[in-house]
Amino acid sequence: MRLEKCWFCSSTVYPGHGIQFVRNDAKVFRFCRSKCHKNFKMKRNPRKVKWTKAYRCLHGKDMTQDSTFEFERKRNRPERYDRNVTEQTLKAIPLITKIRHERQKKHITNRQKQGKTKERERDAKELEQDIQMLPKKDAILSTQKTKVVVKVSQQQTEENLMEE
Amino acid sequence: MNFPTLNLVAHLIIWLVKISWYLYYSYWILNWWVIYDPNALTQLLHLICLFLNVRPVGIQFENNCEIGVFSKLTNAYCLVAIGGSENFYSVFESELADVIPVVKTSIGGTRIIGRLCVGNKNGLLLPHTTTDQELQHLRNCLPDQVVVQRIDERLSALGNCIACNDHVALTHPDLDKATEELIADVLGVEVFRQTIAGNILVGSYCAFSNRGGLVHPHTSIEDLDELSTLLQVPLVAGTVNRGSEVIAAGMTVNDWTAFCGSDTTATELSVIESVFKLRESQPAAIVDDMRKSLIDSYV
């Protein structure tokens, strides 16, 4: 049993799922579901279909090169079974997946940061230039008189009272 | 009568007894007794054969005489397919158990392991259909000097496409360049692209070891000479399993033993014995040869 990758969208194909197609030149194509299989039959290029991993990696949307990917590789020359090595590998696998996911999230937030700064700049410029475009009541609110406190001396009022 | 003549007559009588015993009993017994009571009787028969110095052994895999399809024999290890009964495995084990590891395996879930993989004492090459578990099993069972490698090749029946011994390999003419380099690297051999009697499947139409080789019966003499110079071993065009041309499917051979299907006739067996020089590798035969030079006269 082996968890394969879908040829079209690069998601994992679990046992009991999907279809395998073997071409005349003995190349095997594995698909995770009929959506990918039908797209393949329509001769669509996965590098041009937006929701596939191939597109996202090609256009820099997702992280492509990282040392965590090197752990999960197909090896053709096995090593002799060693109990300690197997035990440590099994312990390391969830750690590595966690780190890989965090790095992928970081990659995406970094990619979106530039957009956020640009958005702030645009908003500041708009406020500066187009404040007149705002509706009237908002404008009045902005030009409303502010209360000024004036100090009146106590002596003058007492003199007025005395004269009467 | 003087002693040399008596010696010769005694040898002649023993030889006649051996031949008659083998011809009349072993073929019959192997075919009949194997069905009724496998292990005990085949072991007894093998003991008798050992005593009589009879080589090679005729066996079947689940009533099929194509031994070379279900097993792979090299100088460093032996691979055997997983069959319903243990007869096949026990034959190999009784011959080879102490000398080299005999490993029961499947390749890609199939039993036709002899035709899918190729190997010699330096390495073993497996097709891309081999599962990870089988690969790991082979790596654990085989000695460390043997490099186990899985290769991505369009022609996945490597046993049909490549024939090799410890020094030279003959390959299918359409094999990839990358695969050819891998063969040279993993098996440590010199690789030649050749055809045998016009057949591109060189791995199935010839079987050769470091001592000799047997090829397709319709190979012309010029081809035979050319191949012989390439491989540096004596070659003979012959058949196996009562006239089957697919040599490598009918028998497996290494430097000191050969296993043939039970259909193999006595003539074919004698040809195999002579070309692979198997009789000479038995200790008793060596002593027989040397006795005349060692012993000056009988007192």
# chains A, B, ... in the order shown; residues from 1 in each chain; ligands from 1
>>> select_by_dssp(residues="segment 51-155 of chain B", states="strand (DSSP E or B)", output="PyMOL selection string")
chain B and resi 57-59+61+64+71-73+78-81+102-105+107+110+118-119+123-126+147-150
>>> interface_residues(of="chain A", to="chain B", cutoff="9 Å", atoms="only C-alpha atoms", output="PyMOL selection string")
chain A and resi 1-2+25-27+75-81
>>> select_by_dssp(residues="chain A", states="alpha helix (DSSP H)", output="PyMOL selection string")
chain A and resi 34-41+53-58+83-129+136-143+155-163
>>> closest_residue(among="B:Gly203, B:Gly243, B:Gly159, B:Gly238", to="Val215 of chain B", atoms="only C-alpha atoms")
B:Gly238
>>> closest_residue(among="A:Thr109, A:Thr146, A:Gln129, A:Asn24", to="Met63 of chain A", atoms="only C-alpha atoms")
A:Thr109
>>> atom_distance(atom1="atom CA of Arg111 of chain A", atom2="atom CA of Phe71 of chain A")
25.1 Å
